$ cat start.txt   # compact mmCIF, C-alpha atoms (C1' of nucleotides)
# COMPACT_ATOMS: atom_id res chain seq x y z
CA MET A 1 -19.42 -10.78 6.09
CA ALA A 2 -17.05 -12.59 8.35
CA LEU A 3 -16.67 -10.01 11.08
CA LYS A 4 -18.72 -7.22 12.51
CA LEU A 5 -16.65 -4.05 12.75
CA ASP A 6 -17.52 -1.09 14.91
CA ALA A 7 -16.55 2.52 14.30
CA ARG A 8 -13.24 2.09 16.13
CA ASP A 9 -12.20 -0.86 14.00
CA VAL A 10 -12.98 1.14 10.90
CA LYS A 11 -10.94 4.04 12.20
CA ILE A 12 -8.03 1.72 12.85
CA LEU A 13 -8.24 0.55 9.25
CA ALA A 14 -8.43 4.11 7.94
CA ILE A 15 -5.33 5.12 9.88
CA LEU A 16 -3.37 2.02 8.92
CA GLN A 17 -4.13 2.54 5.25
CA GLN A 18 -2.38 5.89 5.40
CA GLU A 19 0.23 5.24 8.07
CA GLY A 20 1.09 1.58 7.88
CA ARG A 21 4.16 1.91 10.05
CA ILE A 22 2.56 3.83 12.90
CA SER A 23 3.52 2.43 16.28
CA LYS A 24 0.84 0.51 18.08
CA SER A 25 0.84 2.84 21.03
CA ASP A 26 0.36 5.85 18.74
CA LEU A 27 -2.43 4.01 17.00
CA ALA A 28 -4.11 3.38 20.34
CA ARG A 29 -3.89 7.08 21.20
CA ARG A 30 -5.38 8.05 17.82
CA VAL A 31 -8.47 5.92 18.36
CA ASN A 32 -8.84 6.92 22.03
CA LEU A 33 -8.13 3.51 23.39
CA SER A 34 -5.52 2.22 25.72
CA ASN A 35 -2.77 0.03 24.49
CA THR A 36 -4.12 -3.43 25.23
CA PRO A 37 -7.59 -3.41 23.65
CA CYS A 38 -6.33 -1.60 20.57
CA TRP A 39 -3.66 -4.24 20.18
CA GLU A 40 -6.30 -6.97 20.50
CA ARG A 41 -8.45 -5.34 17.84
CA LEU A 42 -5.56 -5.18 15.45
CA GLN A 43 -4.78 -8.82 16.14
CA ARG A 44 -8.35 -9.74 15.25
CA LEU A 45 -8.30 -7.65 12.09
CA GLU A 46 -5.05 -9.24 10.94
CA ALA A 47 -6.13 -12.76 11.88
CA ALA A 48 -9.40 -12.32 9.99
CA GLY A 49 -7.43 -11.30 6.91
CA ILE A 50 -9.02 -7.86 6.83
CA VAL A 51 -5.59 -6.35 7.12
CA ARG A 52 -4.00 -8.35 4.36
CA GLY A 53 -0.53 -6.92 4.81
CA TYR A 54 1.48 -3.75 4.66
CA GLY A 55 3.39 -2.16 1.84
CA ALA A 56 5.55 0.82 1.01
CA ARG A 57 4.29 3.32 -1.53
CA ILE A 58 7.03 3.82 -4.12
CA ALA A 59 7.50 6.95 -6.24
CA LEU A 60 8.77 5.28 -9.39
CA GLU A 61 8.86 8.55 -11.29
CA LEU A 62 11.67 9.77 -9.03
CA PHE A 63 14.19 7.22 -10.19
CA ALA A 64 13.09 5.56 -13.42
CA GLU A 65 11.49 6.34 -16.74
CA HIS A 66 8.48 4.16 -17.22
CA VAL A 67 5.06 3.99 -18.84
CA THR A 68 1.69 3.04 -17.44
CA VAL A 69 -0.90 1.65 -19.82
CA PHE A 70 -4.48 0.59 -19.23
CA VAL A 71 -5.71 -2.13 -21.54
CA THR A 72 -9.24 -3.30 -22.23
CA ALA A 73 -9.37 -6.91 -23.36
CA GLU A 74 -11.87 -9.13 -25.05
CA LEU A 75 -11.37 -12.89 -25.12
CA GLU A 76 -11.84 -15.23 -28.03
CA ASN A 77 -14.07 -17.61 -26.11
CA HIS A 78 -16.08 -17.35 -22.95
CA ARG A 79 -16.08 -20.76 -21.40
CA ASN A 80 -15.01 -20.97 -17.80
CA GLU A 81 -11.63 -22.44 -18.74
CA ASP A 82 -10.95 -19.50 -21.06
CA PHE A 83 -11.30 -17.07 -18.20
CA VAL A 84 -9.10 -19.23 -15.99
CA ARG A 85 -6.41 -19.42 -18.66
CA PHE A 86 -6.40 -15.69 -19.22
CA GLU A 87 -6.28 -14.92 -15.52
CA ASP A 88 -3.39 -17.31 -15.07
CA ALA A 89 -1.48 -15.56 -17.82
CA VAL A 90 -2.15 -12.23 -16.14
CA GLY A 91 -0.95 -13.61 -12.82
CA ARG A 92 2.33 -14.66 -14.37
CA GLU A 93 3.19 -11.19 -15.70
CA PRO A 94 4.69 -8.95 -13.02
CA GLU A 95 4.31 -5.94 -15.30
CA ILE A 96 0.54 -6.33 -15.04
CA ILE A 97 -0.07 -4.77 -11.66
CA GLY A 98 -3.86 -4.83 -11.68
CA CYS A 99 -6.61 -6.67 -13.52
CA TRP A 100 -10.38 -6.50 -13.21
CA ALA A 101 -13.15 -8.51 -14.87
CA LEU A 102 -15.88 -6.23 -16.16
CA GLY A 103 -19.57 -6.52 -16.73
CA GLY A 104 -20.90 -5.53 -20.13
CA GLY A 105 -19.24 -5.86 -23.50
CA LEU A 106 -15.61 -5.89 -22.44
CA ASP A 107 -14.15 -8.82 -20.57
CA TYR A 108 -11.19 -7.34 -18.68
CA LEU A 109 -9.35 -4.16 -17.85
CA PHE A 110 -5.76 -4.44 -16.81
CA GLN A 111 -2.99 -2.05 -15.84
CA VAL A 112 0.58 -2.37 -17.02
CA VAL A 113 3.67 -0.66 -15.63
CA THR A 114 6.74 -1.20 -17.75
CA ARG A 115 9.89 0.46 -19.09
CA ASN A 116 8.65 1.94 -22.36
CA VAL A 117 6.25 1.34 -25.22
CA THR A 118 8.57 -1.24 -26.72
CA SER A 119 8.50 -3.43 -23.63
CA TYR A 120 4.77 -2.84 -23.48
CA GLN A 121 4.42 -4.16 -27.01
CA SER A 122 6.49 -7.20 -26.10
CA LEU A 123 4.12 -7.94 -23.27
CA ILE A 124 1.10 -7.69 -25.54
CA ASP A 125 2.77 -9.88 -28.16
CA ARG A 126 3.49 -12.43 -25.48
CA MET A 127 -0.16 -12.38 -24.43
CA LEU A 128 -1.33 -12.77 -28.03
CA GLU A 129 1.03 -15.62 -28.86
CA SER A 130 0.44 -17.48 -25.63
CA GLU A 131 -2.67 -19.45 -24.87
CA ALA A 132 -4.16 -16.49 -23.00
CA GLY A 133 -7.00 -16.28 -25.53
CA LEU A 134 -6.81 -12.54 -26.02
CA LYS A 135 -8.83 -11.54 -29.09
CA ARG A 136 -9.20 -7.78 -29.17
CA TYR A 137 -7.57 -5.19 -26.97
CA TYR A 138 -7.31 -1.45 -26.75
CA SER A 139 -4.44 0.45 -25.13
CA TYR A 140 -4.77 3.67 -23.20
CA ILE A 141 -1.43 5.22 -22.40
CA VAL A 142 -1.35 7.19 -19.17
CA THR A 143 0.01 10.69 -19.55
CA LYS A 144 -0.45 11.76 -15.94
CA GLU A 145 -1.25 10.13 -12.63
CA VAL A 146 -3.86 12.46 -11.21
CA LYS A 147 -4.71 10.41 -8.14
CA ALA A 148 -2.98 7.18 -7.24
CA GLY A 149 -2.74 4.95 -4.24
CA GLY A 150 -5.93 6.60 -3.07
CA ALA A 151 -7.05 4.75 0.01
CA ILE A 152 -10.31 2.86 0.10
CA PRO A 153 -12.86 5.12 1.83
CA VAL A 154 -13.46 2.63 4.64
CA GLU A 155 -15.40 5.21 6.62
CA LEU A 156 -18.23 4.81 4.10
CA PHE A 157 -18.67 1.26 5.21
CA ALA A 158 -18.84 1.75 8.96
CA GLY A 159 -21.66 -0.24 10.48
CA THR A 160 -22.60 -2.37 7.51
CA MET B 161 16.14 11.25 -12.03
CA ALA B 162 16.95 12.59 -8.62
CA LEU B 163 18.89 9.65 -7.23
CA LYS B 164 20.96 6.83 -8.56
CA LEU B 165 19.89 3.52 -7.10
CA ASP B 166 21.95 0.37 -7.09
CA ALA B 167 20.67 -3.19 -7.04
CA ARG B 168 20.52 -3.24 -3.23
CA ASP B 169 18.37 -0.13 -3.07
CA VAL B 170 16.01 -1.66 -5.59
CA LYS B 171 15.83 -4.85 -3.56
CA ILE B 172 15.02 -2.85 -0.46
CA LEU B 173 12.16 -1.21 -2.35
CA ALA B 174 10.90 -4.54 -3.64
CA ILE B 175 10.85 -6.02 -0.15
CA LEU B 176 9.23 -2.97 1.42
CA GLN B 177 6.49 -2.96 -1.18
CA GLN B 178 5.43 -6.41 -0.06
CA GLU B 179 6.36 -6.30 3.61
CA GLY B 180 6.02 -2.73 4.72
CA ARG B 181 6.23 -3.56 8.39
CA ILE B 182 9.35 -5.69 8.26
CA SER B 183 11.79 -4.82 11.01
CA LYS B 184 14.87 -2.94 9.92
CA SER B 185 17.17 -5.61 11.21
CA ASP B 186 15.30 -8.28 9.20
CA LEU B 187 15.43 -6.04 6.16
CA ALA B 188 19.19 -5.74 6.56
CA ARG B 189 19.54 -9.50 6.70
CA ARG B 190 17.41 -9.92 3.58
CA VAL B 191 19.63 -7.67 1.50
CA ASN B 192 22.85 -9.08 2.97
CA LEU B 193 23.85 -5.94 4.72
CA SER B 194 24.49 -5.16 8.33
CA ASN B 195 22.17 -3.03 10.30
CA THR B 196 23.76 0.37 9.97
CA PRO B 197 24.35 0.75 6.21
CA CYS B 198 20.92 -0.69 5.42
CA TRP B 199 19.36 1.78 7.79
CA GLU B 200 21.26 4.61 6.10
CA ARG B 201 20.01 3.52 2.68
CA LEU B 202 16.44 3.46 3.88
CA GLN B 203 16.88 6.92 5.36
CA ARG B 204 18.07 8.19 2.00
CA LEU B 205 15.20 6.54 0.14
CA GLU B 206 12.64 8.04 2.49
CA ALA B 207 14.25 11.47 2.53
CA ALA B 208 14.35 11.52 -1.27
CA GLY B 209 10.62 10.77 -1.31
CA ILE B 210 11.14 7.49 -3.15
CA VAL B 211 9.48 5.71 -0.28
CA ARG B 212 6.43 7.92 -0.09
CA GLY B 213 4.90 6.19 2.89
CA TYR B 214 3.49 2.94 4.13
CA GLY B 215 -0.03 1.59 4.09
CA ALA B 216 -2.06 -1.41 5.10
CA ARG B 217 -3.77 -3.45 2.38
CA ILE B 218 -7.43 -3.81 3.33
CA ALA B 219 -9.69 -6.67 2.24
CA LEU B 220 -12.91 -4.68 1.91
CA GLU B 221 -14.83 -7.69 0.61
CA LEU B 222 -14.45 -9.40 3.99
CA PHE B 223 -16.56 -6.91 5.85
CA ALA B 224 -18.62 -4.75 3.50
CA GLU B 225 -20.67 -4.97 0.35
CA HIS B 226 -19.34 -2.54 -2.18
CA VAL B 227 -18.92 -1.90 -5.89
CA THR B 228 -15.89 -0.91 -7.90
CA VAL B 229 -16.45 0.99 -11.13
CA PHE B 230 -14.01 2.23 -13.72
CA VAL B 231 -15.13 5.31 -15.59
CA THR B 232 -13.79 6.83 -18.78
CA ALA B 233 -14.43 10.54 -19.00
CA GLU B 234 -14.38 13.14 -21.69
CA LEU B 235 -14.42 16.82 -20.78
CA GLU B 236 -16.49 19.56 -22.37
CA ASN B 237 -13.52 21.81 -22.97
CA HIS B 238 -9.80 21.29 -23.10
CA ARG B 239 -8.24 24.47 -21.86
CA ASN B 240 -5.72 24.12 -19.09
CA GLU B 241 -8.18 25.46 -16.52
CA ASP B 242 -10.71 22.78 -17.52
CA PHE B 243 -8.26 20.04 -16.66
CA VAL B 244 -7.39 21.72 -13.37
CA ARG B 245 -11.05 22.06 -12.43
CA PHE B 246 -11.80 18.44 -13.21
CA GLU B 247 -8.77 17.18 -11.32
CA ASP B 248 -9.73 19.28 -8.32
CA ALA B 249 -13.20 17.77 -8.35
CA VAL B 250 -11.65 14.30 -8.48
CA GLY B 251 -9.37 15.14 -5.58
CA ARG B 252 -12.34 16.15 -3.46
CA GLU B 253 -14.17 12.83 -3.86
CA PRO B 254 -12.83 10.14 -1.53
CA GLU B 255 -14.79 7.50 -3.40
CA ILE B 256 -12.55 8.13 -6.41
CA ILE B 257 -9.48 6.18 -5.41
CA GLY B 258 -7.53 6.53 -8.63
CA CYS B 259 -7.50 8.80 -11.68
CA TRP B 260 -5.28 8.87 -14.75
CA ALA B 261 -5.11 11.27 -17.68
CA LEU B 262 -4.95 9.40 -20.96
CA GLY B 263 -3.49 10.05 -24.36
CA GLY B 264 -5.78 9.61 -27.33
CA GLY B 265 -9.49 10.24 -27.60
CA LEU B 266 -10.47 9.88 -23.96
CA ASP B 267 -9.43 12.41 -21.39
CA TYR B 268 -9.47 10.48 -18.11
CA LEU B 269 -9.95 7.10 -16.55
CA PHE B 270 -10.93 6.96 -12.91
CA GLN B 271 -11.70 4.26 -10.39
CA VAL B 272 -14.55 4.47 -7.92
CA VAL B 273 -15.12 2.37 -4.81
CA THR B 274 -18.48 2.96 -3.22
CA ARG B 275 -21.40 1.27 -1.45
CA ASN B 276 -23.61 0.31 -4.36
CA VAL B 277 -24.76 1.49 -7.77
CA THR B 278 -27.07 4.06 -6.21
CA SER B 279 -24.23 5.81 -4.42
CA TYR B 280 -22.18 5.49 -7.59
CA GLN B 281 -24.91 7.28 -9.51
CA SER B 282 -24.99 10.01 -6.87
CA LEU B 283 -21.30 10.54 -7.35
CA ILE B 284 -21.67 10.82 -11.12
CA ASP B 285 -24.62 13.19 -10.73
CA ARG B 286 -22.53 15.31 -8.41
CA MET B 287 -19.74 15.41 -10.99
CA LEU B 288 -22.16 16.35 -13.77
CA GLU B 289 -23.86 19.09 -11.81
CA SER B 290 -20.68 20.55 -10.42
CA GLU B 291 -18.26 22.61 -12.42
CA ALA B 292 -16.11 19.57 -13.12
CA GLY B 293 -16.79 19.91 -16.85
CA LEU B 294 -17.61 16.26 -17.44
CA LYS B 295 -19.24 15.83 -20.84
CA ARG B 296 -19.37 12.13 -21.69
CA TYR B 297 -18.56 9.16 -19.54
CA TYR B 298 -18.78 5.43 -19.69
CA SER B 299 -19.04 3.12 -16.68
CA TYR B 300 -17.45 -0.29 -16.40
CA ILE B 301 -18.65 -2.18 -13.37
CA VAL B 302 -16.08 -4.54 -11.91
CA THR B 303 -17.38 -8.06 -11.42
CA LYS B 304 -14.16 -9.55 -10.10
CA GLU B 305 -10.79 -8.34 -8.88
CA VAL B 306 -8.39 -10.62 -10.69
CA LYS B 307 -5.20 -8.95 -9.55
CA ALA B 308 -5.09 -6.01 -7.21
CA GLY B 309 -2.51 -4.23 -5.16
CA GLY B 310 0.04 -5.72 -7.49
CA ALA B 311 3.38 -4.24 -6.63
CA ILE B 312 5.30 -2.15 -9.10
CA PRO B 313 7.94 -4.41 -10.68
CA VAL B 314 10.82 -2.29 -9.42
CA GLU B 315 13.34 -4.95 -10.39
CA LEU B 316 12.70 -4.02 -14.03
CA PHE B 317 14.13 -0.62 -13.35
CA ALA B 318 17.36 -1.58 -11.65
CA GLY B 319 20.26 0.42 -13.00
CA THR B 320 18.41 2.97 -15.06
C1' DG C 321 31.25 -1.26 4.10
C1' DA C 322 31.30 -4.47 9.32
C1' DT C 323 30.88 -4.87 14.40
C1' DG C 324 29.59 -4.09 19.00
C1' DA C 325 27.35 -1.58 22.29
C1' DA C 326 24.68 2.04 24.83
C1' DA C 327 20.37 4.43 25.57
C1' DC C 328 16.10 4.59 24.25
C1' DT C 329 11.52 3.41 22.52
C1' DG C 330 8.06 0.31 21.53
C1' DC C 331 5.99 -4.50 21.82
C1' DT C 332 3.74 -8.34 23.92
C1' DC C 333 1.83 -10.35 27.60
C1' DC C 334 0.10 -10.60 32.18
C1' DA C 335 -2.14 -9.21 36.53
C1' DA C 336 -5.53 -6.59 38.90
C1' DG C 337 -9.42 -3.38 38.94
C1' DC D 338 -12.67 -1.46 28.93
C1' DT D 339 -8.64 0.66 32.34
C1' DT D 340 -3.72 1.12 34.45
C1' DG D 341 0.76 -0.47 35.42
C1' DG D 342 4.63 -3.07 34.77
C1' DA D 343 8.06 -6.95 33.51
C1' DG D 344 10.89 -8.83 30.03
C1' DC D 345 12.10 -8.65 25.60
C1' DA D 346 12.87 -6.98 20.77
C1' DG D 347 13.77 -3.36 17.65
C1' DT D 348 15.66 1.48 16.77
C1' DT D 349 18.92 4.94 16.47
C1' DT D 350 23.31 6.68 17.27
C1' DC D 351 28.08 6.21 18.27
C1' DA D 352 32.86 4.66 18.25
C1' DT D 353 36.12 1.56 16.17
C1' DC D 354 38.01 -1.20 12.47

$ encode --input "start.txt" --output "C-alpha cells"
Amino acid sequence: MALKLDARDVKILAILQQEGRISKSDLARRVNLSNTPCWERLQRLEAAGIVRGYGARIALELFAEHVTVFVTAELENHRNEDFVRFEDAVGREPEIIGCWALGGGLDYLFQVVTRNVTSYQSLIDRMLESEAGLKRYYSYIVTKEVKAGGAIPVELFAGT
Amino acid sequence: MALKLDARDVKILAILQQEGRISKSDLARRVNLSNTPCWERLQRLEAAGIVRGYGARIALELFAEHVTVFVTAELENHRNEDFVRFEDAVGREPEIIGCWALGGGLDYLFQVVTRNVTSYQSLIDRMLESEAGLKRYYSYIVTKEVKAGGAIPVELFAGT
DNA sequence: GATGAAACTGCTCCAAG
DNA sequence: CTTGGAGCAGTTTCATC
C-alpha cells in the first residue's frame, strides 16, 4: 500500500464519501482537528490518488424512464489479447457503467443503464458484431434498486 | 416524471457527476450561462432531489487489501414480507454496497466489499442464520475492476 | 435570460507557539 | 498539532436591464 492511513484519515474518507461538498472547515470540525492539519491531510489523500475525485449522485428515476441490466459474459477465447479487446469495447460504451472480471466459470459481469430493452438489445448486438469476442451472455433485468451508491465501508479498513 | 429538464440541465448533471466539487461560477461558464441562472437551475435540481448528494470516489486498492464479491440470491419464500425482511437485512450490512432485485429466476444480486474471503463468509453466515430468508446463493469473486464508478449516461435521456 | 455589485463565507497560506 | 490572521476566491442575494 502506498500510504499509511490513521483513523482520522479514514474518517475523512468516510465523511467525504457521503458529503463530497462539505466545506473544509466543517470537515475539520467533524474530525476534531483544526483547519490547517485537516487541510494538509486532505491534500495528501488527493495527491496520493486515494481521493480520486468527486461526483454528484443523480436520481435518474426522477426524470427519465430507463432500464438497468446486469450481464454475465463469457468470451470466445482466453488469450491476453482477447481480454484486452473486450475491455476496450466495454470502455467505449458509455451505457456500460460498470464491469468486473470474475473468477470461476464466468469471465465478466457488467452493468448497463440505458433507455429501454430495445436500446439494450442494440448494445448487445453491437458487442456481438464487433470484435469484442463475446460468446455467451446472460441478461438480468433489474426490477428494483434496493441499495445503490452504497459507500465503501472504509472504517473496516482502518489500520491495515 | 417530476420535472422537465432541458439540454442545459442535463449538461449540468453530466458535469456534476464527474466534477462534483466544481465551483458554481466555473459550472456556469461550462454550460454557457451566467452565474445567477445557472445557480437557480442547480437549486431546482437539488430541491427536486435529482441531485441526491455529492460524494468522493475512493481508491480503496491504494491503501487496503480487500475483496469484492457479487452474489446472486434466491429467497426461501416470496411473500411481500419475505422481500421486505431480506431487504432490511441488506440495508443493515455496510459491507453490502449495492443490491438489485432481478426479474427472472433469481431474486437478488448484491455486491459486497469486505476485508477478505473469511469476512465475506462471516457475512454470508450471518445472512443465512438471520431471518433474511436466504435460500440459495452463488458467489462471484471479482478479480479485476474493469470499469467502476462509471457515470450514468445522462445525455442519453435529454428531452424525455 | 445578462450584468454588476454588496455582504458574507470559506479557502489557502503563512507566522508563531 | 494549535491559534490567528491576511488576502483572495467563491457564494448568495439583490437591483437593474

$ atom_distance --input "start.txt" --atom1 "atom CA of Gly258 of chain B" --atom2 "atom CA of Glu206 of chain B"
23.1 Å

$ interface_residues --input "start.txt" --of "chain D" --to "chain B" --cutoff "10 Å" --atoms "all atoms listed in the file" --output "PyMOL selection string"
chain D and resi 347-350

$ interface_residues --input "start.txt" --of "chain B" --to "chain C" --cutoff "10 Å" --atoms "only C-alpha atoms (C1' of nucleotides)" --output "CSV table (one decimal) with C-alpha atoms, keeping the file's coordinate frame"
chain,number,residue,atom,x,y,z
B,193,LEU,CA,23.8,-5.9,4.7
B,194,SER,CA,24.5,-5.2,8.3
B,195,ASN,CA,22.2,-3.0,10.3
B,196,THR,CA,23.8,0.4,10.0
B,197,PRO,CA,24.4,0.8,6.2

$ closest_residue --input "start.txt" --among "B:Phe230, B:Phe270, B:Tyr297, B:Trp260" --to "chain A" --atoms "only C-alpha atoms"
B:Trp260

$ atom_distance --input "start.txt" --atom1 "atom CA of Phe157 of chain A" --atom2 "atom CA of Leu3 of chain A"
12.9 Å

$ closest_atom_pairs --input "start.txt" --of "segment 26-144 of chain A" --to "segment 302-316 of chain B" --cutoff "6 Å" --atoms "only C-alpha atoms" --output "CSV"
residue,atom,partner,partner_atom,distance
A:Ile97,CA,B:Gly310,CA,4.3
A:Gly98,CA,B:Ala308,CA,4.8
A:Cys99,CA,B:Lys307,CA,4.8
A:Trp100,CA,B:Glu305,CA,4.7
A:Ala101,CA,B:Lys304,CA,5.0
A:Leu102,CA,B:Val302,CA,4.6
A:Gly103,CA,B:Thr303,CA,5.9

$ closest_residue --input "start.txt" --among "A:Gln18, A:Asn80, A:Asn116, A:Thr72" --to "Lys135 of chain A" --atoms "only C-alpha atoms"
A:Thr72

$ residues_around --input "start.txt" --residues "Ala233 of chain B" --least-positions-apart "4" --cutoff "6 Å" --atoms "all atoms listed in the file" --output "PyMOL selection string"
chain B and resi 267-268+296-297

$ atom_distance --input "start.txt" --atom1 "atom CA of Tyr298 of chain B" --atom2 "atom CA of Tyr280 of chain B"
12.6 Å

$ closest_residue --input "start.txt" --among "A:Ala132, A:Ala158, A:Ala7, A:Thr68" --to "Phe86 of chain A" --atoms "all atoms listed in the file"
A:Ala132

$ residues_near_point --input "start.txt" --point "(-2.2, -4.1, -21.6)" --cutoff "7 Å" --atoms "only C-alpha atoms (C1' of nucleotides)" --output "mmCIF file with C-alpha atoms, in the frame of the given file"
data_model
loop_
_atom_site.group_PDB
_atom_site.id
_atom_site.type_symbol
_atom_site.label_atom_id
_atom_site.label_comp_id
_atom_site.auth_asym_id
_atom_site.auth_seq_id
_atom_site.Cartn_x
_atom_site.Cartn_y
_atom_site.Cartn_z
ATOM 1 C CA VAL A 69 -0.900 1.650 -19.820
ATOM 2 C CA PHE A 70 -4.480 0.590 -19.230
ATOM 3 C CA VAL A 71 -5.710 -2.130 -21.540
ATOM 4 C CA PHE A 110 -5.760 -4.440 -16.810
ATOM 5 C CA GLN A 111 -2.990 -2.050 -15.840
ATOM 6 C CA VAL A 112 0.580 -2.370 -17.020
ATOM 7 C CA ILE A 124 1.100 -7.690 -25.540
ATOM 8 C CA SER A 139 -4.440 0.450 -25.130
#

$ closest_residue --input "start.txt" --among "A:Leu60, A:Leu123, A:Arg92, A:Glu87" --to "Leu205 of chain B" --atoms "only C-alpha atoms"
A:Leu60

$ closest_residue --input "start.txt" --among "A:Thr114, A:Asn32, A:Gln121, A:Gln43" --to "chain B" --atoms "only C-alpha atoms"
A:Thr114

$ decode --input "start.txt" --residues "segment 323-335 of chain C" --atoms "N, CA, C and O atoms (P, O5', C5', C4', C3', O3' and C1' of nucleotides)" --output "short mmCIF file (atom, residue, chain, number, x, y, z; two decimals), in the first residue's frame"
data_model
loop_
_atom_site.label_atom_id
_atom_site.label_comp_id
_atom_site.auth_asym_id
_atom_site.auth_seq_id
_atom_site.Cartn_x
_atom_site.Cartn_y
_atom_site.Cartn_z
P DT C 323 -23.19 38.90 -19.59
"O5'" DT C 323 -23.11 40.29 -18.85
"C5'" DT C 323 -24.23 41.14 -18.85
"C4'" DT C 323 -24.05 42.24 -17.81
"C3'" DT C 323 -22.78 42.18 -16.97
"O3'" DT C 323 -22.15 43.46 -17.00
"C1'" DT C 323 -24.71 42.21 -15.56
P DG C 324 -20.75 43.73 -16.33
"O5'" DG C 324 -21.18 44.33 -14.92
"C5'" DG C 324 -22.12 45.42 -14.88
"C4'" DG C 324 -22.32 45.78 -13.42
"C3'" DG C 324 -21.04 45.67 -12.57
"O3'" DG C 324 -21.01 46.78 -11.69
"C1'" DG C 324 -22.73 44.28 -11.66
P DA C 325 -19.75 47.07 -10.79
"O5'" DA C 325 -20.39 46.91 -9.34
"C5'" DA C 325 -21.70 47.42 -9.08
"C4'" DA C 325 -22.19 46.83 -7.78
"C3'" DA C 325 -21.06 46.66 -6.73
"O3'" DA C 325 -21.56 47.04 -5.48
"C1'" DA C 325 -22.20 44.65 -7.00
P DA C 326 -20.63 47.64 -4.38
"O5'" DA C 326 -21.52 47.51 -3.07
"C5'" DA C 326 -22.95 47.29 -3.19
"C4'" DA C 326 -23.39 46.32 -2.11
"C3'" DA C 326 -22.44 46.26 -0.91
"O3'" DA C 326 -23.22 46.22 0.28
"C1'" DA C 326 -22.64 44.10 -1.88
P DA C 327 -22.57 46.23 1.71
"O5'" DA C 327 -22.71 44.71 2.12
"C5'" DA C 327 -24.02 44.11 2.20
"C4'" DA C 327 -23.84 42.72 2.73
"C3'" DA C 327 -22.86 42.64 3.91
"O3'" DA C 327 -23.42 41.76 4.87
"C1'" DA C 327 -22.12 41.24 2.16
P DC C 328 -22.67 41.46 6.22
"O5'" DC C 328 -22.27 39.94 5.97
"C5'" DC C 328 -23.25 39.08 5.36
"C4'" DC C 328 -22.58 37.85 4.80
"C3'" DC C 328 -21.63 37.18 5.78
"O3'" DC C 328 -22.25 35.98 6.23
"C1'" DC C 328 -20.80 37.18 3.53
P DT C 329 -21.58 35.15 7.42
"O5'" DT C 329 -20.85 33.98 6.59
"C5'" DT C 329 -21.59 33.26 5.60
"C4'" DT C 329 -20.62 32.42 4.80
"C3'" DT C 329 -19.66 31.62 5.70
"O3'" DT C 329 -19.85 30.26 5.36
"C1'" DT C 329 -18.48 32.74 3.96
P DG C 330 -19.00 29.13 6.10
"O5'" DG C 330 -17.82 28.86 5.07
"C5'" DG C 330 -18.10 28.53 3.72
"C4'" DG C 330 -16.82 28.49 2.93
"C3'" DG C 330 -15.72 27.62 3.57
"O3'" DG C 330 -15.20 26.80 2.54
"C1'" DG C 330 -14.88 29.77 3.06
P DC C 331 -13.95 25.87 2.74
"O5'" DC C 331 -12.80 26.69 2.01
"C5'" DC C 331 -12.96 27.00 0.63
"C4'" DC C 331 -11.66 27.50 0.06
"C3'" DC C 331 -10.44 26.62 0.36
"O3'" DC C 331 -9.67 26.56 -0.83
"C1'" DC C 331 -10.07 28.81 1.19
P DT C 332 -8.59 25.40 -1.07
"O5'" DT C 332 -7.22 26.12 -0.75
"C5'" DT C 332 -6.82 27.21 -1.57
"C4'" DT C 332 -5.71 27.96 -0.89
"C3'" DT C 332 -4.58 27.09 -0.35
"O3'" DT C 332 -3.44 27.36 -1.13
"C1'" DT C 332 -5.15 28.85 1.12
P DC C 333 -2.03 26.59 -0.82
"O5'" DC C 333 -1.24 27.69 0.01
"C5'" DC C 333 -1.31 29.07 -0.40
"C4'" DC C 333 -0.78 29.95 0.72
"C3'" DC C 333 0.49 29.40 1.38
"O3'" DC C 333 1.49 30.39 1.30
"C1'" DC C 333 -1.13 30.07 3.00
P DC C 334 2.97 30.00 1.67
"O5'" DC C 334 3.24 30.87 2.97
"C5'" DC C 334 2.73 32.21 3.02
"C4'" DC C 334 2.72 32.69 4.46
"C3'" DC C 334 3.90 32.19 5.29
"O3'" DC C 334 4.57 33.28 5.88
"C1'" DC C 334 1.85 31.89 6.45
P DA C 335 6.00 33.07 6.57
"O5'" DA C 335 5.74 33.63 8.03
"C5'" DA C 335 4.84 34.73 8.21
"C4'" DA C 335 4.47 34.79 9.68
"C3'" DA C 335 5.61 34.39 10.63
"O3'" DA C 335 5.65 35.28 11.73
"C1'" DA C 335 3.71 33.05 11.04
#
